[in-house]
Amino acid sequence: MGANEQAGVAASAAVAALAKANARLADGKTPLVKNCWYIAGWGSDFTREPRERTLLGQSLVFYRTQGGQPVALLNRCPHRSFPLSQGKLEGDVLRCGYHGLAFRQDGSCAEIPSQTSVPPSTCTRSYPVAERGPFVWIWMDDAARADESAIPDTSWLVDPKWNYVTSYLSLQANYVYLQENLLDLSHFTYLHPSTLGTPEYARSPFEVSTTENTVHISRFVAECDVPPIYARTGIAGKMSRRTESEFVSPAMHHASAVLSDLQPEPGKRRDFTVYITHFATPETQDSTHYWFSFARDFALGETEVDEYMRQSAITAFNEDKGALEAIARIYRTEPEATGAEIHIKSDQAGVAMRRILLRMANEQV
Amino acid sequence: MGANEQAGVAASAAVAALAKANARLADGKTPLVKNCWYIAGWGSDFTREPRERTLLGQSLVFYRTQGGQPVALLNRCPHRSFPLSQGKLEGDVLRCGYHGLAFRQDGSCAEIPSQTSVPPSTCTRSYPVAERGPFVWIWMDDAARADESAIPDTSWLVDPKWNYVTSYLSLQANYVYLQENLLDLSHFTYLHPSTLGTPEYARSPFEVSTTENTVHISRFVAECDVPPIYARTGIAGKMSRRTESEFVSPAMHHASAVLSDLQPEPGKRRDFTVYITHFATPETQDSTHYWFSFARDFALGETEVDEYMRQSAITAFNEDKGALEAIARIYRTEPEATGAEIHIKSDQAGVAMRRILLRMANEQV
Amino acid sequence: MGANEQAGVAASAAVAALAKANARLADGKTPLVKNCWYIAGWGSDFTREPRERTLLGQSLVFYRTQGGQPVALLNRCPHRSFPLSQGKLEGDVLRCGYHGLAFRQDGSCAEIPSQTSVPPSTCTRSYPVAERGPFVWIWMDDAARADESAIPDTSWLVDPKWNYVTSYLSLQANYVYLQENLLDLSHFTYLHPSTLGTPEYARSPFEVSTTENTVHISRFVAECDVPPIYARTGIAGKMSRRTESEFVSPAMHHASAVLSDLQPEPGKRRDFTVYITHFATPETQDSTHYWFSFARDFALGETEVDEYMRQSAITAFNEDKGALEAIARIYRTEPEATGAEIHIKSDQAGVAMRRILLRMANEQV
């Protein structure tokens, strides 16, 4: 028996065990988690021109009232299913472009042109939304259970002591794999060699902790050189570096990195912090809206630093997009692949998160 | 309970009742009605060059004999399924471009090159066709039941007292919704504001009458201004307007509009009539060949009027195409939409027609 | 009863009998035959740059070791299914571009960066390959049963007494129909009128013989003119022509044509031979990699003759590709077509081959 055959025998034993273990993890076929606040878009996506966006497989229409409130309605006239995004705003009412039925921001119908009365059942669905800094969040589950206090904290995006940039990628892959990618630091060296990856960092020890619904990774490097993204801002000298990464919810992953000057000059600041926040909203089962923000508490007002951070983030996250989409193509033609995947030491956080995601998906009504 | 939730509760009660009611109406998934004469194409589509066209999901080949008769055959050699439309005519016989089997216009095989004899089972299907004015009609059901007397009247298209123009649109939507659109006058104001729509006309009273297999709408406006399309021809003054719209068959909708001068000058004509006839032939379950003719009994021989009518029709009917295709995209991703649609007062004729269409589909063998 | 109806009745009786008979023949839905050596590609497809190719529905990665050996691995990292073709070679080891797992040419894992040890189950599949002349052959079934002696003979491709050209077409059709096309000489006249077809040749008698797994056709023309492809090389005079065509395996069809000068001048050669060899490798159930070589034992070293033969082959085989793809489109929309196909006298060899192919498909584990 050669190495190839031995490996083959071992592999088939492993396949049976794996299939069982992997069935406990969320994957690309796991139902989407609906009872969660997701990013619907930037505030600037909600204007006086109705626009379409698909979230969680549902086509929605976005607009903004004259008073400035963002509105999200089911993008389907209840009469003949015409997309309301092709209609026109009259004040705060959206009029369908086919037969002229008009809908208020709560989804109720204000007028049916060919009738004198409007039955109350003539309505489209309205979704709770909440604007926070540059983003509008949306609740796609039962509106009665929408609780704005459950929206994750992003208060630094409205804090003058912070600067941030933000951007967006359309990802042709299921969001579970994006969330797993974000909890995995071992791929930096190989997928991001020229942007994020350094072999030393990838191999530095880390600690994973979990709560019922979150997964957290901590890393501490006692002494390191200033990474390029900081050096750019004039920071120099020997530093320690603490990074914290968290799966906050199906909709959000938050990472912070604090660089501390080991020998700060008198009167100079010691700590420099960046917050990189990733927002994943399933567009469909197989595609994901991916927003991210990159915030810092130093080099405020320096637009060159803004631009550098934006470009660094776009470049690096496009590498993730490329990898996740290449894998998604494999999954499409070889659907047996997911269940056969093995796990390695650095998957600890990702696997914990996928177990949570599967439970969340199964628990919802 | 807010307006949104109230509407939600009312909507779910309505959904159950609607699903039941809507199950009695033809929709985009209803089997196509085969026992009906449909337009196959313009006469000019049948030439000495074989050409392919798909009708009712079936690929056909069209050609014209040396004697001038249009021919429609199943576009599939019975030997190795090569499309006969890629073959060549030899006299009235169509020779397959792969192995040279040759077929007569009745579908029988005239020659198999590698054999001396031809078994009678070697044949392709031939479809009854009939040429009427600029169009060729086809019968796709059992040929034994083809009865040319069932072809709807379009005699004005060969009457020198009439002028007409004709055109074609390829519609990526099921034909049921086109037929419904044609019976619906309430959308003019919203979908065709710059071509057909006037709020007054949309709100004018109408009467719906049905027979076993047809649906008819009448409208009468006692006094109105001359619509632009007539004004263009020099007609002026106060008029009455009578319009009649009819679902004639799954293949045809016919509308007539008679404008009558309320104070005709002595010796001048009183009535001016246009016939707008729509021909819907399912290409597949999800796409439709849409021909239309626009005929008039005045301004004869004026080619500028021809061109104006053609362009007006194309512009307006392209608006319908856009709406029906936008809805078809919604139906594709949200297949539950059809069954949940509500009906309004102006749907009376369309709903009656869809009930007839469903019965026709269910009655056929 | 007209000719049309008579044909119809006869046809429906024939349909029942045909469906039964046709169920004994391989068609486009028959499982692919895996226990067979297929062409994986040209040797030049295996380089130090990994490349992807799909064979028998499986995505593979090809590369060549530093020592020159071609390697074919399953193109899927066992960890997170990233395509290894997007990885990088380090010596003879292929490193995944996502998390850096490294694989040897036997598929075993050489390194997992985030771990100190490598479990033996961490491996990807390696496929037996063998280089023969310009081609690399691959065995996609159980590696333990790979037997290089079963690779069909193509020794003339490495014999200095022969010259050859080779080319490739990507065929969007199932390989069964390509193999059938290659055993069918009756289509030359109709599909290849300007390249291969002569009515006389198509009608010349032939003999079919079969073994358990092969099908052979012989044709002899006692006296004929020199075909253009030979005339080009300066051969002239009256000739006899013997052609032999063989279905060698699901992967290969081989044809030889010997032209013999009936009155050779003293000291001049009598026989001129060409070998046209066709290699069909299913890419998927519905598409086929189609390589071919065109070899001769005369006009050696004449590059103009090379180019003429290459162009003739590409032109003619593109006609086959066009026909097979037109039929594949028909099959897609009218899946009932295959089962209803009739057979004619010239199908004897093709039908015998399809019976063999179905048995081979059913016999494999």
# chains A, B, ... in the order shown; residues from 1 in each chain; ligands from 1

$ residues_around --residues "Arg232 of chain A" --least-positions-apart "4" --cutoff "9 Å" --atoms "only C-alpha atoms" --output "mmCIF file with C-alpha atoms, in the first residue's frame"
data_model
loop_
_atom_site.group_PDB
_atom_site.id
_atom_site.type_symbol
_atom_site.label_atom_id
_atom_site.label_comp_id
_atom_site.auth_asym_id
_atom_site.auth_seq_id
_atom_site.Cartn_x
_atom_site.Cartn_y
_atom_site.Cartn_z
ATOM 1 C CA PRO A 227 3.119 48.053 11.351
ATOM 2 C CA PRO A 228 3.105 50.019 8.080
ATOM 3 C CA VAL A 305 -4.496 58.738 6.258
ATOM 4 C CA TYR A 308 -4.587 55.112 2.851
#

$ interface_residues --of "chain B" --to "chain C" --cutoff "7 Å" --atoms "only C-alpha atoms" --output "list in words"
Pro78, His79, Arg80, Ser81, Phe82, Pro83, Gly97, Tyr98, His99, Gly100, Asp106, Gly107, Ser108, Ser114, Gln115, Pro120, Ser121, Cys123 and Ser126 of chain B

$ select_by_dssp --residues "segment 4-198 of chain A" --states "helix (DSSP H, G or I)" --output "VMD selection string"
chain A and resid 4 to 22 43 to 45 84 to 86 143 to 145 148 to 150 155 to 158 175 to 182 188 to 191

$ select_by_dssp --residues "segment 240-337 of chain B" --states "strand (DSSP E)" --output "short mmCIF file (atom, residue, chain, number, x, y, z; two decimals) with all heavy atoms, in the first residue's frame"
data_model
loop_
_atom_site.label_atom_id
_atom_site.label_comp_id
_atom_site.auth_asym_id
_atom_site.auth_seq_id
_atom_site.Cartn_x
_atom_site.Cartn_y
_atom_site.Cartn_z
N SER B 240 -67.79 62.13 -29.37
CA SER B 240 -68.05 61.07 -28.38
C SER B 240 -67.08 59.93 -28.70
O SER B 240 -66.54 59.85 -29.80
CB SER B 240 -69.49 60.56 -28.47
OG SER B 240 -69.65 59.82 -29.68
N ARG B 241 -66.86 59.06 -27.70
CA ARG B 241 -65.86 58.00 -27.90
C ARG B 241 -66.39 56.70 -27.30
O ARG B 241 -66.74 56.63 -26.13
CB ARG B 241 -64.58 58.39 -27.17
CG ARG B 241 -63.43 57.43 -27.37
CD ARG B 241 -62.22 57.95 -26.61
NE ARG B 241 -61.04 57.13 -26.80
CZ ARG B 241 -59.86 57.38 -26.25
NH1 ARG B 241 -59.69 58.45 -25.48
NH2 ARG B 241 -58.84 56.59 -26.45
N ARG B 242 -66.46 55.68 -28.12
CA ARG B 242 -66.89 54.37 -27.64
C ARG B 242 -65.73 53.39 -27.85
O ARG B 242 -65.19 53.28 -28.95
CB ARG B 242 -68.11 53.87 -28.40
CG ARG B 242 -68.52 52.45 -28.05
CD ARG B 242 -69.81 52.00 -28.74
NE ARG B 242 -70.94 52.86 -28.41
CZ ARG B 242 -71.63 52.79 -27.26
NH1 ARG B 242 -71.31 51.89 -26.34
NH2 ARG B 242 -72.64 53.60 -27.04
N THR B 243 -65.34 52.71 -26.77
CA THR B 243 -64.28 51.70 -26.91
C THR B 243 -64.81 50.36 -26.46
O THR B 243 -65.58 50.25 -25.51
CB THR B 243 -63.04 52.06 -26.07
OG1 THR B 243 -63.43 52.22 -24.72
CG2 THR B 243 -62.36 53.32 -26.56
N GLU B 244 -64.41 49.36 -27.19
CA GLU B 244 -64.78 47.98 -26.89
C GLU B 244 -63.48 47.17 -26.87
O GLU B 244 -62.69 47.26 -27.81
CB GLU B 244 -65.69 47.39 -27.99
CG GLU B 244 -66.86 48.27 -28.39
CD GLU B 244 -68.05 48.13 -27.45
OE1 GLU B 244 -68.04 47.14 -26.68
OE2 GLU B 244 -68.94 49.00 -27.48
N SER B 245 -63.31 46.40 -25.80
CA SER B 245 -62.11 45.57 -25.66
C SER B 245 -62.55 44.15 -25.44
O SER B 245 -63.42 43.91 -24.62
CB SER B 245 -61.31 45.99 -24.42
OG SER B 245 -60.47 47.06 -24.71
N GLU B 246 -61.92 43.22 -26.12
CA GLU B 246 -62.37 41.84 -25.94
C GLU B 246 -61.23 40.85 -25.88
O GLU B 246 -60.33 40.87 -26.72
CB GLU B 246 -63.33 41.44 -27.06
CG GLU B 246 -63.95 40.08 -26.82
CD GLU B 246 -65.09 39.76 -27.76
OE1 GLU B 246 -64.83 39.31 -28.89
OE2 GLU B 246 -66.25 40.00 -27.37
N PHE B 247 -61.30 39.98 -24.87
CA PHE B 247 -60.49 38.77 -24.84
C PHE B 247 -61.18 37.79 -25.77
O PHE B 247 -62.23 37.24 -25.46
CB PHE B 247 -60.44 38.21 -23.41
CG PHE B 247 -59.90 36.82 -23.32
CD1 PHE B 247 -58.53 36.56 -23.44
CD2 PHE B 247 -60.75 35.74 -23.10
CE1 PHE B 247 -58.03 35.26 -23.34
CE2 PHE B 247 -60.26 34.44 -23.01
CZ PHE B 247 -58.90 34.20 -23.14
N VAL B 248 -60.63 37.64 -26.96
CA VAL B 248 -61.25 36.83 -28.00
C VAL B 248 -60.90 35.35 -27.82
O VAL B 248 -61.73 34.47 -27.96
CB VAL B 248 -60.78 37.31 -29.39
CG1 VAL B 248 -61.37 36.43 -30.49
CG2 VAL B 248 -61.14 38.78 -29.60
N SER B 249 -59.62 35.09 -27.48
CA SER B 249 -59.13 33.73 -27.26
C SER B 249 -57.79 33.87 -26.55
O SER B 249 -57.26 34.98 -26.43
CB SER B 249 -58.96 33.00 -28.60
OG SER B 249 -57.70 33.31 -29.18
N MET B 252 -55.59 36.04 -28.68
CA MET B 252 -55.95 37.33 -29.27
C MET B 252 -56.80 38.19 -28.36
O MET B 252 -57.72 37.72 -27.70
CB MET B 252 -56.69 37.08 -30.59
CG MET B 252 -57.15 38.32 -31.32
SD MET B 252 -57.73 37.85 -33.00
CE MET B 252 -58.85 39.20 -33.38
N HIS B 253 -56.46 39.48 -28.36
CA HIS B 253 -57.27 40.50 -27.71
C HIS B 253 -57.54 41.58 -28.76
O HIS B 253 -56.62 42.04 -29.43
CB HIS B 253 -56.51 41.09 -26.51
CG HIS B 253 -57.22 42.23 -25.87
ND1 HIS B 253 -57.93 42.10 -24.69
CD2 HIS B 253 -57.34 43.53 -26.24
CE1 HIS B 253 -58.45 43.27 -24.36
NE2 HIS B 253 -58.10 44.16 -25.29
N HIS B 254 -58.79 41.98 -28.86
CA HIS B 254 -59.14 42.97 -29.89
C HIS B 254 -59.81 44.18 -29.24
O HIS B 254 -60.72 44.04 -28.42
CB HIS B 254 -60.11 42.34 -30.90
CG HIS B 254 -60.48 43.30 -32.00
ND1 HIS B 254 -59.56 43.77 -32.91
CD2 HIS B 254 -61.67 43.89 -32.32
CE1 HIS B 254 -60.16 44.60 -33.76
NE2 HIS B 254 -61.44 44.69 -33.41
N ALA B 255 -59.35 45.37 -29.61
CA ALA B 255 -59.95 46.60 -29.11
C ALA B 255 -60.34 47.50 -30.27
O ALA B 255 -59.60 47.62 -31.24
CB ALA B 255 -58.95 47.33 -28.21
N SER B 256 -61.52 48.09 -30.17
CA SER B 256 -61.93 49.07 -31.18
C SER B 256 -62.27 50.37 -30.47
O SER B 256 -62.75 50.37 -29.33
CB SER B 256 -63.14 48.57 -31.98
OG SER B 256 -64.27 48.53 -31.13
N ALA B 257 -61.98 51.46 -31.13
CA ALA B 257 -62.36 52.77 -30.59
C ALA B 257 -63.02 53.55 -31.72
O ALA B 257 -62.44 53.71 -32.79
CB ALA B 257 -61.13 53.50 -30.08
N VAL B 258 -64.24 53.99 -31.47
CA VAL B 258 -64.96 54.79 -32.46
C VAL B 258 -65.14 56.20 -31.93
O VAL B 258 -65.70 56.40 -30.85
CB VAL B 258 -66.35 54.18 -32.77
CG1 VAL B 258 -67.03 54.98 -33.89
CG2 VAL B 258 -66.22 52.72 -33.15
N LEU B 259 -64.62 57.13 -32.69
CA LEU B 259 -64.76 58.54 -32.35
C LEU B 259 -65.85 59.09 -33.26
O LEU B 259 -65.77 58.95 -34.49
CB LEU B 259 -63.44 59.24 -32.64
CG LEU B 259 -63.03 60.38 -31.73
CD1 LEU B 259 -62.77 59.85 -30.32
CD2 LEU B 259 -61.77 61.03 -32.29
N SER B 260 -66.87 59.71 -32.66
CA SER B 260 -67.97 60.24 -33.48
C SER B 260 -68.08 61.75 -33.31
O SER B 260 -68.21 62.25 -32.19
CB SER B 260 -69.29 59.58 -33.06
OG SER B 260 -69.20 58.18 -33.24
N ASP B 261 -68.05 62.43 -34.44
CA ASP B 261 -68.13 63.89 -34.43
C ASP B 261 -69.55 64.29 -33.98
O ASP B 261 -70.54 63.85 -34.55
CB ASP B 261 -67.85 64.40 -35.86
CG ASP B 261 -67.54 65.89 -35.87
OD1 ASP B 261 -68.02 66.61 -34.96
OD2 ASP B 261 -66.81 66.31 -36.79
N ASP B 271 -68.00 59.16 -38.23
CA ASP B 271 -67.30 58.17 -37.39
C ASP B 271 -65.90 57.88 -37.90
O ASP B 271 -65.67 57.73 -39.11
CB ASP B 271 -68.07 56.84 -37.37
CG ASP B 271 -69.38 56.96 -36.62
OD1 ASP B 271 -69.60 57.99 -35.95
OD2 ASP B 271 -70.19 56.01 -36.74
N PHE B 272 -65.00 57.77 -36.93
CA PHE B 272 -63.60 57.42 -37.22
C PHE B 272 -63.23 56.25 -36.31
O PHE B 272 -63.36 56.36 -35.09
CB PHE B 272 -62.67 58.60 -36.95
CG PHE B 272 -63.04 59.84 -37.71
CD1 PHE B 272 -64.01 60.73 -37.22
CD2 PHE B 272 -62.45 60.10 -38.96
CE1 PHE B 272 -64.36 61.86 -37.95
CE2 PHE B 272 -62.80 61.24 -39.68
CZ PHE B 272 -63.76 62.11 -39.17
N THR B 273 -62.79 55.15 -36.90
CA THR B 273 -62.58 53.93 -36.10
C THR B 273 -61.13 53.46 -36.17
O THR B 273 -60.50 53.50 -37.23
CB THR B 273 -63.49 52.80 -36.62
OG1 THR B 273 -64.84 53.27 -36.59
CG2 THR B 273 -63.36 51.54 -35.76
N VAL B 274 -60.61 53.02 -35.02
CA VAL B 274 -59.33 52.30 -35.02
C VAL B 274 -59.54 50.93 -34.39
O VAL B 274 -60.36 50.78 -33.48
CB VAL B 274 -58.19 53.05 -34.27
CG1 VAL B 274 -57.87 54.38 -34.94
CG2 VAL B 274 -58.52 53.23 -32.81
N TYR B 275 -58.81 49.96 -34.92
CA TYR B 275 -58.80 48.60 -34.36
C TYR B 275 -57.37 48.33 -33.89
O TYR B 275 -56.44 48.36 -34.71
CB TYR B 275 -59.16 47.56 -35.42
CG TYR B 275 -60.63 47.42 -35.74
CD1 TYR B 275 -61.04 46.52 -36.72
CD2 TYR B 275 -61.62 48.16 -35.07
CE1 TYR B 275 -62.39 46.36 -37.05
CE2 TYR B 275 -62.96 48.01 -35.39
CZ TYR B 275 -63.35 47.11 -36.37
OH TYR B 275 -64.67 46.95 -36.68
N ILE B 276 -57.25 48.06 -32.61
CA ILE B 276 -55.93 47.67 -32.10
C ILE B 276 -56.04 46.20 -31.69
O ILE B 276 -56.84 45.86 -30.80
CB ILE B 276 -55.51 48.52 -30.89
CG1 ILE B 276 -55.58 50.00 -31.27
CG2 ILE B 276 -54.09 48.16 -30.45
CD1 ILE B 276 -55.19 50.94 -30.15
N THR B 277 -55.30 45.35 -32.38
CA THR B 277 -55.43 43.92 -32.13
C THR B 277 -54.11 43.38 -31.62
O THR B 277 -53.05 43.68 -32.19
CB THR B 277 -55.87 43.20 -33.42
OG1 THR B 277 -56.86 44.00 -34.08
CG2 THR B 277 -56.44 41.83 -33.11
N HIS B 278 -54.19 42.64 -30.53
CA HIS B 278 -53.00 42.09 -29.86
C HIS B 278 -53.00 40.58 -30.02
O HIS B 278 -54.02 39.94 -29.76
CB HIS B 278 -53.04 42.44 -28.38
CG HIS B 278 -53.22 43.90 -28.09
ND1 HIS B 278 -52.16 44.74 -27.81
CD2 HIS B 278 -54.33 44.69 -28.05
CE1 HIS B 278 -52.61 45.97 -27.60
NE2 HIS B 278 -53.92 45.96 -27.74
N PHE B 279 -51.87 40.04 -30.40
CA PHE B 279 -51.76 38.60 -30.61
C PHE B 279 -50.68 38.06 -29.68
O PHE B 279 -49.51 38.46 -29.78
CB PHE B 279 -51.40 38.29 -32.06
CG PHE B 279 -52.35 38.89 -33.06
CD1 PHE B 279 -52.08 40.10 -33.67
CD2 PHE B 279 -53.55 38.25 -33.38
CE1 PHE B 279 -52.95 40.66 -34.60
CE2 PHE B 279 -54.43 38.80 -34.30
CZ PHE B 279 -54.13 40.01 -34.92
N ALA B 280 -51.08 37.19 -28.75
CA ALA B 280 -50.14 36.64 -27.77
C ALA B 280 -49.93 35.17 -28.07
O ALA B 280 -50.88 34.39 -28.04
CB ALA B 280 -50.68 36.80 -26.36
N THR B 281 -48.72 34.77 -28.38
CA THR B 281 -48.41 33.36 -28.56
C THR B 281 -47.33 32.97 -27.56
O THR B 281 -46.23 33.51 -27.62
CB THR B 281 -47.90 33.07 -29.98
OG1 THR B 281 -48.82 33.61 -30.93
CG2 THR B 281 -47.76 31.58 -30.21
N PRO B 282 -47.65 32.06 -26.62
CA PRO B 282 -46.60 31.63 -25.69
C PRO B 282 -45.42 31.08 -26.48
O PRO B 282 -45.60 30.26 -27.38
CB PRO B 282 -47.27 30.53 -24.86
CG PRO B 282 -48.74 30.78 -24.99
CD PRO B 282 -48.94 31.36 -26.36
N GLU B 283 -44.23 31.59 -26.15
CA GLU B 283 -43.02 31.00 -26.71
C GLU B 283 -42.64 29.81 -25.82
O GLU B 283 -42.44 28.70 -26.29
CB GLU B 283 -41.89 32.03 -26.73
CG GLU B 283 -40.59 31.51 -27.31
CD GLU B 283 -39.46 32.52 -27.20
OE1 GLU B 283 -39.41 33.25 -26.17
OE2 GLU B 283 -38.63 32.58 -28.11
N THR B 284 -42.56 30.08 -24.53
CA THR B 284 -42.37 29.05 -23.51
C THR B 284 -43.34 29.40 -22.39
O THR B 284 -44.11 30.35 -22.51
CB THR B 284 -40.94 29.08 -22.94
OG1 THR B 284 -40.78 30.32 -22.23
CG2 THR B 284 -39.90 29.00 -24.04
N SER B 287 -42.19 33.03 -21.53
CA SER B 287 -41.95 34.09 -22.52
C SER B 287 -43.03 34.04 -23.59
O SER B 287 -43.64 33.00 -23.82
CB SER B 287 -40.55 33.95 -23.14
OG SER B 287 -40.41 32.70 -23.79
N THR B 288 -43.24 35.17 -24.22
CA THR B 288 -44.39 35.34 -25.11
C THR B 288 -44.00 36.12 -26.36
O THR B 288 -43.30 37.12 -26.27
CB THR B 288 -45.51 36.10 -24.35
OG1 THR B 288 -45.84 35.38 -23.16
CG2 THR B 288 -46.75 36.28 -25.20
N HIS B 289 -44.43 35.61 -27.51
CA HIS B 289 -44.35 36.39 -28.75
C HIS B 289 -45.55 37.33 -28.76
O HIS B 289 -46.69 36.89 -28.62
CB HIS B 289 -44.44 35.47 -29.97
CG HIS B 289 -43.31 34.51 -30.10
ND1 HIS B 289 -42.03 34.88 -30.40
CD2 HIS B 289 -43.29 33.15 -29.97
CE1 HIS B 289 -41.25 33.81 -30.46
NE2 HIS B 289 -41.98 32.76 -30.19
N TYR B 290 -45.27 38.58 -28.95
CA TYR B 290 -46.36 39.58 -28.87
C TYR B 290 -46.38 40.40 -30.16
O TYR B 290 -45.55 41.26 -30.38
CB TYR B 290 -46.10 40.45 -27.63
CG TYR B 290 -47.06 41.59 -27.39
CD1 TYR B 290 -48.31 41.66 -27.99
CD2 TYR B 290 -46.70 42.62 -26.52
CE1 TYR B 290 -49.17 42.72 -27.74
CE2 TYR B 290 -47.55 43.69 -26.27
CZ TYR B 290 -48.78 43.73 -26.89
OH TYR B 290 -49.63 44.79 -26.64
N TRP B 291 -47.34 40.05 -31.04
CA TRP B 291 -47.56 40.86 -32.24
C TRP B 291 -48.75 41.77 -32.02
O TRP B 291 -49.63 41.46 -31.22
CB TRP B 291 -47.90 39.94 -33.44
CG TRP B 291 -46.78 39.13 -33.97
CD1 TRP B 291 -45.89 39.49 -34.94
CD2 TRP B 291 -46.43 37.80 -33.61
NE1 TRP B 291 -45.01 38.47 -35.18
CE2 TRP B 291 -45.31 37.42 -34.38
CE3 TRP B 291 -46.94 36.87 -32.69
CZ2 TRP B 291 -44.69 36.17 -34.28
CZ3 TRP B 291 -46.33 35.62 -32.58
CH2 TRP B 291 -45.22 35.29 -33.37
N PHE B 292 -48.78 42.87 -32.74
CA PHE B 292 -49.98 43.71 -32.67
C PHE B 292 -50.16 44.43 -33.99
O PHE B 292 -49.21 44.68 -34.73
CB PHE B 292 -49.91 44.70 -31.51
CG PHE B 292 -48.59 45.39 -31.37
CD1 PHE B 292 -48.30 46.55 -32.08
CD2 PHE B 292 -47.62 44.88 -30.51
CE1 PHE B 292 -47.08 47.20 -31.95
CE2 PHE B 292 -46.39 45.51 -30.37
CZ PHE B 292 -46.12 46.67 -31.09
N SER B 293 -51.43 44.73 -34.28
CA SER B 293 -51.73 45.52 -35.48
C SER B 293 -52.56 46.71 -35.04
O SER B 293 -53.31 46.65 -34.07
CB SER B 293 -52.46 44.69 -36.53
OG SER B 293 -53.68 44.23 -36.00
N PHE B 294 -52.39 47.79 -35.76
CA PHE B 294 -53.05 49.06 -35.43
C PHE B 294 -53.68 49.50 -36.75
O PHE B 294 -52.98 49.92 -37.68
CB PHE B 294 -51.97 50.05 -34.95
CG PHE B 294 -52.48 51.17 -34.10
CD1 PHE B 294 -51.81 51.52 -32.94
CD2 PHE B 294 -53.60 51.91 -34.46
CE1 PHE B 294 -52.25 52.57 -32.14
CE2 PHE B 294 -54.04 52.96 -33.66
CZ PHE B 294 -53.37 53.29 -32.49
N ALA B 295 -55.02 49.36 -36.86
CA ALA B 295 -55.71 49.63 -38.13
C ALA B 295 -56.65 50.83 -37.99
O ALA B 295 -57.12 51.14 -36.90
CB ALA B 295 -56.49 48.39 -38.55
N ARG B 296 -56.92 51.50 -39.12
CA ARG B 296 -57.81 52.67 -39.10
C ARG B 296 -58.61 52.69 -40.40
O ARG B 296 -58.15 52.17 -41.42
CB ARG B 296 -57.01 53.96 -38.95
CG ARG B 296 -56.13 54.26 -40.14
CD ARG B 296 -55.24 55.48 -39.93
NE ARG B 296 -54.51 55.82 -41.15
CZ ARG B 296 -53.33 55.28 -41.49
NH1 ARG B 296 -52.75 54.37 -40.74
NH2 ARG B 296 -52.76 55.65 -42.62
#

$ residues_around --residues "Val158 of chain A" --least-positions-apart "4" --cutoff "12 Å" --atoms "only C-alpha atoms" --output "PyMOL selection string"
chain A and resi 131-135+153-154+162-164+295

$ closest_residue --among "A:Gly339, A:Gln66, A:Asp92, A:Gly87" --to "Ala21 of chain A" --atoms "only C-alpha atoms"
A:Gly339

$ atom_distance --atom1 "atom CA of Leu74 of chain C" --atom2 "atom CA of Thr54 of chain C"
9.8 Å

$ residues_around --residues "Arg145 of chain C" --least-positions-apart "6" --cutoff "12 Å" --atoms "only C-alpha atoms" --output "ChimeraX atom specification"
/A:5 /C:34-37,127-128,139

$ atom_distance --atom1 "atom CA of Ser44 of chain A" --atom2 "atom CA of Tyr63 of chain A"
9.8 Å

$ residues_around --residues "Lys238 of chain A" --least-positions-apart "5" --cutoff "8 Å" --atoms "only C-alpha atoms" --output "number ranges by chain"
A: 223-226, 261-263

$ atom_distance --atom1 "atom CA of Ala110 of chain A" --atom2 "atom CA of Arg51 of chain A"
20.3 Å

$ residues_around --residues "segment 354-359 of chain C" --least-positions-apart "3" --cutoff "8 Å" --atoms "only C-alpha atoms" --output "VMD selection string"
chain C and resid 24 to 27 30 33 176 180 212 to 214 250 350 to 351 362 to 363

$ closest_residue --among "B:Gln311, B:Ser218, B:Asn174, B:Gln285" --to "Gln58 of chain B" --atoms "only C-alpha atoms"
B:Gln285
